[in-house]
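*Asks:* Take this structure first; my questions come after.
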Amino acid sequence: MFKYYNMNQLVLPLDLEIKLQENDIAFHIHHLVESIPNEAFQPFLRNTGCPAYHPRMMLKIILCAYSQSVFSGRKIEAINRFRVHPEVKELIRQCFVQFRCQLVEEKLIDQEAIFIDGTKIEANANKFTFVWKKSIEKYNQNLIEKSNQLYNELLEKEIIPEMERENEGELSVEELAQMVQQVDEVIKEYDQKIETSPDATERKALRSERKYPKQAYKQLIDFILRKQKYQKDLDILGERNSYSKTDQDATF
């Protein structure tokens with residue numbers, strides 16, 4: 001059972017100064033969420049306890065927060081418990097897919113539209129656009145040391161099993177990806193224990209134990225991305241000492 005939910009109700013006093021513009025994104029999010037069939041919200045139904053806020057309303061708040069680049073659970077703390085529900089991740093993913101389809105249908109974007117996340121791309125060939133081999137080798141060696149250290153820590157804490165490594169001195173991208181999968185499984189086990197535990201003290205202890213695997217997971221993802229970038233840079237460099245990001249055939 002959900003609490004009463006009506007988007008057409010009139011709330012007084014009504015402040016006309018904060019009336020939304022017709023093209024406000026909140027209306028698009030409203031129509032998107034209202035188009036989701038009721039079956040998608042069935043997993044959130046509970047027959048016991050106090051009625052919950054309707055998932056449609058909670059989802060609208062989350063998507064509105066995301067549209068304003070607010071992703072922190074603390075900043076949207078009141079709905080954070082709903083956001084971490086196991087069913088919400090897939091629901092939000094489907095919302096983004098559906099939202100894009102609606103934008104295409106309404107001809108607000110075309111099928112070939114490509115969006116970037118504020119990435120800055122240098123337009124001129126100057127000294128700041130060059131990649132230096134010595135720097136890449138230094139960064140890569142530092143990455144190798146940090147990834148080996150993290151691997152040893154995860155083994156020591158018995159979070160992952162020991163792997164048969166291709167090279168004892170350096171973890172490959174594939175081996176790092178395998179570690180990501182293993183750590184992710186540990187995190188999911190903690191999530192399941194927290195979800196099913198009736199004891200608040202135990203849940204708090206489990207959340208504390210889960211912090212390190214979650215930090216390790218983020219580090220491993222970062223290591224993979226950086227390792228792929230360094231390998232690409234070294235392949236482009238070849239025998240050269242530098243190359244330009246705006247003209248890879250040029251050297252400094």
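Letters for chains follow the order of the structure tokens (A, B, ...), residue numbers begin at 1 for each chain, and ligand numbers begin at 1 in the order shown.
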Applying 9 Å and only C-alpha atoms, which residues near Ala216 (chain A) remain after dropping the ones on its own chain fewer than 3 positions away? List them as a PyMOL selection string.
*Replies:* chain A and resi 150+154+180+183+211-213+219-221
*Asks:* Show me, as a PDB file with N, CA, C and O atoms, in the first residue's frame, the residues that have an atom within 6 Å of region 226-243 of chain A when counting only C-alpha atoms, minus same-chain residues fewer than 4 positions from it.
*Replies:*
ATOM      1  N   PHE A 130      50.484  18.183 -25.654  1.00  0.00           N
ATOM      2  CA  PHE A 130      51.411  17.095 -25.933  1.00  0.00           C
ATOM      3  C   PHE A 130      51.465  16.083 -24.796  1.00  0.00           C
ATOM      4  O   PHE A 130      51.344  16.430 -23.630  1.00  0.00           O
ATOM      5  N   VAL A 131      51.631  14.829 -25.182  1.00  0.00           N
ATOM      6  CA  VAL A 131      51.789  13.732 -24.232  1.00  0.00           C
ATOM      7  C   VAL A 131      53.260  13.346 -24.221  1.00  0.00           C
ATOM      8  O   VAL A 131      53.847  13.069 -25.275  1.00  0.00           O
ATOM      9  N   TRP A 132      53.855  13.324 -23.041  1.00  0.00           N
ATOM     10  CA  TRP A 132      55.279  13.051 -22.914  1.00  0.00           C
ATOM     11  C   TRP A 132      55.504  11.620 -22.430  1.00  0.00           C
ATOM     12  O   TRP A 132      54.903  11.170 -21.475  1.00  0.00           O
ATOM     13  N   LYS A 133      56.393  10.932 -23.110  1.00  0.00           N
ATOM     14  CA  LYS A 133      56.637   9.517 -22.823  1.00  0.00           C
ATOM     15  C   LYS A 133      57.142   9.308 -21.398  1.00  0.00           C
ATOM     16  O   LYS A 133      56.700   8.384 -20.707  1.00  0.00           O
ATOM     17  N   GLN A 248      48.340  13.428 -33.802  1.00  0.00           N
ATOM     18  CA  GLN A 248      49.144  12.351 -33.218  1.00  0.00           C
ATOM     19  C   GLN A 248      50.416  12.042 -33.992  1.00  0.00           C
ATOM     20  O   GLN A 248      51.294  11.358 -33.486  1.00  0.00           O
ATOM     21  N   ALA A 250      52.418  14.433 -34.907  1.00  0.00           N
ATOM     22  CA  ALA A 250      53.358  15.511 -34.568  1.00  0.00           C
ATOM     23  C   ALA A 250      54.073  15.218 -33.259  1.00  0.00           C
ATOM     24  O   ALA A 250      53.513  14.585 -32.361  1.00  0.00           O
ATOM     25  N   THR A 251      55.319  15.669 -33.171  1.00  0.00           N
ATOM     26  CA  THR A 251      56.084  15.585 -31.927  1.00  0.00           C
ATOM     27  C   THR A 251      56.500  16.987 -31.519  1.00  0.00           C
ATOM     28  O   THR A 251      56.482  17.917 -32.321  1.00  0.00           O
TER      29      THR A 251
END
*Asks:* Quick one: residues within 8 Å of region 92-108 of chain A, only C-alpha atoms, excluding same-chain residues fewer than 3 positions away - as a list in words?
*Replies:*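 After dropping sequence-adjacent residues, the list is Leu32, Val33, Leu59, Val88, Lys89 and Gln111 of chain A.
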*Asks:* Identify, on the basis of only C-alpha atoms, every residue whose closest approach to region 185-187 of chain A does not exceed 10 Å; exclude the query and any residue fewer than 5 positions from it along the same chain; express the result as a list in words.
*Replies:*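 Residues meeting the cut-off are Ile159, Ile160, Met179, Val180, Gln192, Lys193, Arg207, Glu209, Arg210, Lys211, Tyr212, Pro213, Lys214 and Tyr217 of chain A.
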*Asks:* Restricting the output to N, CA, C and O atoms, write the selected residues as a PDB file, in the first residue's frame.
*Replies:*
ATOM      1  N   ILE A 159      39.110 -10.736   0.872  1.00  0.00           N
ATOM      2  CA  ILE A 159      37.974 -10.243   0.082  1.00  0.00           C
ATOM      3  C   ILE A 159      37.946 -10.917  -1.286  1.00  0.00           C
ATOM      4  O   ILE A 159      36.874 -11.180  -1.839  1.00  0.00           O
ATOM      5  N   ILE A 160      39.141 -11.211  -1.837  1.00  0.00           N
ATOM      6  CA  ILE A 160      39.232 -11.935  -3.104  1.00  0.00           C
ATOM      7  C   ILE A 160      40.177 -13.110  -2.933  1.00  0.00           C
ATOM      8  O   ILE A 160      41.062 -13.081  -2.067  1.00  0.00           O
ATOM      9  N   MET A 179      39.099  -8.789 -10.717  1.00  0.00           N
ATOM     10  CA  MET A 179      39.048  -8.323  -9.332  1.00  0.00           C
ATOM     11  C   MET A 179      37.809  -7.467  -9.085  1.00  0.00           C
ATOM     12  O   MET A 179      37.181  -7.552  -8.033  1.00  0.00           O
ATOM     13  N   VAL A 180      37.471  -6.632 -10.062  1.00  0.00           N
ATOM     14  CA  VAL A 180      36.264  -5.802  -9.945  1.00  0.00           C
ATOM     15  C   VAL A 180      35.032  -6.673  -9.755  1.00  0.00           C
ATOM     16  O   VAL A 180      34.189  -6.410  -8.891  1.00  0.00           O
ATOM     17  N   GLN A 192      22.866  -7.637   0.639  1.00  0.00           N
ATOM     18  CA  GLN A 192      21.824  -8.611   0.956  1.00  0.00           C
ATOM     19  C   GLN A 192      21.700  -8.814   2.465  1.00  0.00           C
ATOM     20  O   GLN A 192      20.591  -8.862   3.007  1.00  0.00           O
ATOM     21  N   LYS A 193      22.838  -8.896   3.145  1.00  0.00           N
ATOM     22  CA  LYS A 193      22.817  -9.072   4.601  1.00  0.00           C
ATOM     23  C   LYS A 193      22.198  -7.866   5.291  1.00  0.00           C
ATOM     24  O   LYS A 193      21.425  -8.007   6.238  1.00  0.00           O
ATOM     25  N   ARG A 207      27.456  -2.171   7.410  1.00  0.00           N
ATOM     26  CA  ARG A 207      27.738  -1.010   6.550  1.00  0.00           C
ATOM     27  C   ARG A 207      29.169  -0.540   6.735  1.00  0.00           C
ATOM     28  O   ARG A 207      29.834  -0.136   5.773  1.00  0.00           O
ATOM     29  N   GLU A 209      31.700  -2.461   7.606  1.00  0.00           N
ATOM     30  CA  GLU A 209      32.557  -3.458   6.953  1.00  0.00           C
ATOM     31  C   GLU A 209      32.513  -3.315   5.436  1.00  0.00           C
ATOM     32  O   GLU A 209      33.492  -3.628   4.751  1.00  0.00           O
ATOM     33  N   ARG A 210      31.398  -2.838   4.916  1.00  0.00           N
ATOM     34  CA  ARG A 210      31.218  -2.718   3.460  1.00  0.00           C
ATOM     35  C   ARG A 210      32.000  -1.540   2.869  1.00  0.00           C
ATOM     36  O   ARG A 210      32.251  -1.503   1.662  1.00  0.00           O
ATOM     37  N   LYS A 211      32.405  -0.595   3.701  1.00  0.00           N
ATOM     38  CA  LYS A 211      33.070   0.617   3.203  1.00  0.00           C
ATOM     39  C   LYS A 211      34.341   0.308   2.430  1.00  0.00           C
ATOM     40  O   LYS A 211      34.574   0.860   1.352  1.00  0.00           O
ATOM     41  N   TYR A 212      35.173  -0.573   2.983  1.00  0.00           N
ATOM     42  CA  TYR A 212      36.458  -0.851   2.314  1.00  0.00           C
ATOM     43  C   TYR A 212      36.262  -1.519   0.946  1.00  0.00           C
ATOM     44  O   TYR A 212      36.876  -1.078  -0.039  1.00  0.00           O
ATOM     45  N   PRO A 213      35.425  -2.571   0.832  1.00  0.00           N
ATOM     46  CA  PRO A 213      35.203  -3.149  -0.501  1.00  0.00           C
ATOM     47  C   PRO A 213      34.668  -2.126  -1.508  1.00  0.00           C
ATOM     48  O   PRO A 213      35.048  -2.157  -2.686  1.00  0.00           O
ATOM     49  N   LYS A 214      33.798  -1.211  -1.063  1.00  0.00           N
ATOM     50  CA  LYS A 214      33.264  -0.202  -1.971  1.00  0.00           C
ATOM     51  C   LYS A 214      34.361   0.768  -2.423  1.00  0.00           C
ATOM     52  O   LYS A 214      34.401   1.167  -3.591  1.00  0.00           O
ATOM     53  N   TYR A 217      36.496  -1.101  -4.872  1.00  0.00           N
ATOM     54  CA  TYR A 217      35.797  -1.227  -6.158  1.00  0.00           C
ATOM     55  C   TYR A 217      36.022   0.028  -7.006  1.00  0.00           C
ATOM     56  O   TYR A 217      36.350  -0.063  -8.194  1.00  0.00           O
TER      57      TYR A 217
END
*Asks:* Could you name the residues that touch Arg56 (chain A) at 9 Å or less, counting only C-alpha atoms, but leaving out those on the same chain fewer than 4 positions away, as a list in words?
*Replies:*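 What passes the distance filter is Tyr5, His30, Val33, Glu34, Ile36, Phe41, Lys60 and Ile61 of chain A.
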*Asks:* If you run DSSP on this backbone, which residues of region 46-235 of chain A come out as strand (DSSP E or B), and could you give them as a list in words?
*Replies:*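 Matching residues for strand (DSSP E or B) in region 46-235 of chain A are Ala52, Phe130, Val131 and Trp132 of chain A.
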*Asks:* So how many Å separate CA of Ser147 (chain A) and CA of Glu162 (chain A), to one decimal?
*Replies:*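 Result for CA of Ser147 (chain A) versus CA of Glu162 (chain A): 14.2 Å, one decimal.
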*Asks:* Could you give me the residues within region 124-173 of chain A that DSSP places in helix (DSSP H, G or I), as a PyMOL selection string?
*Replies:* chain A and resi 127-129+133-156+173
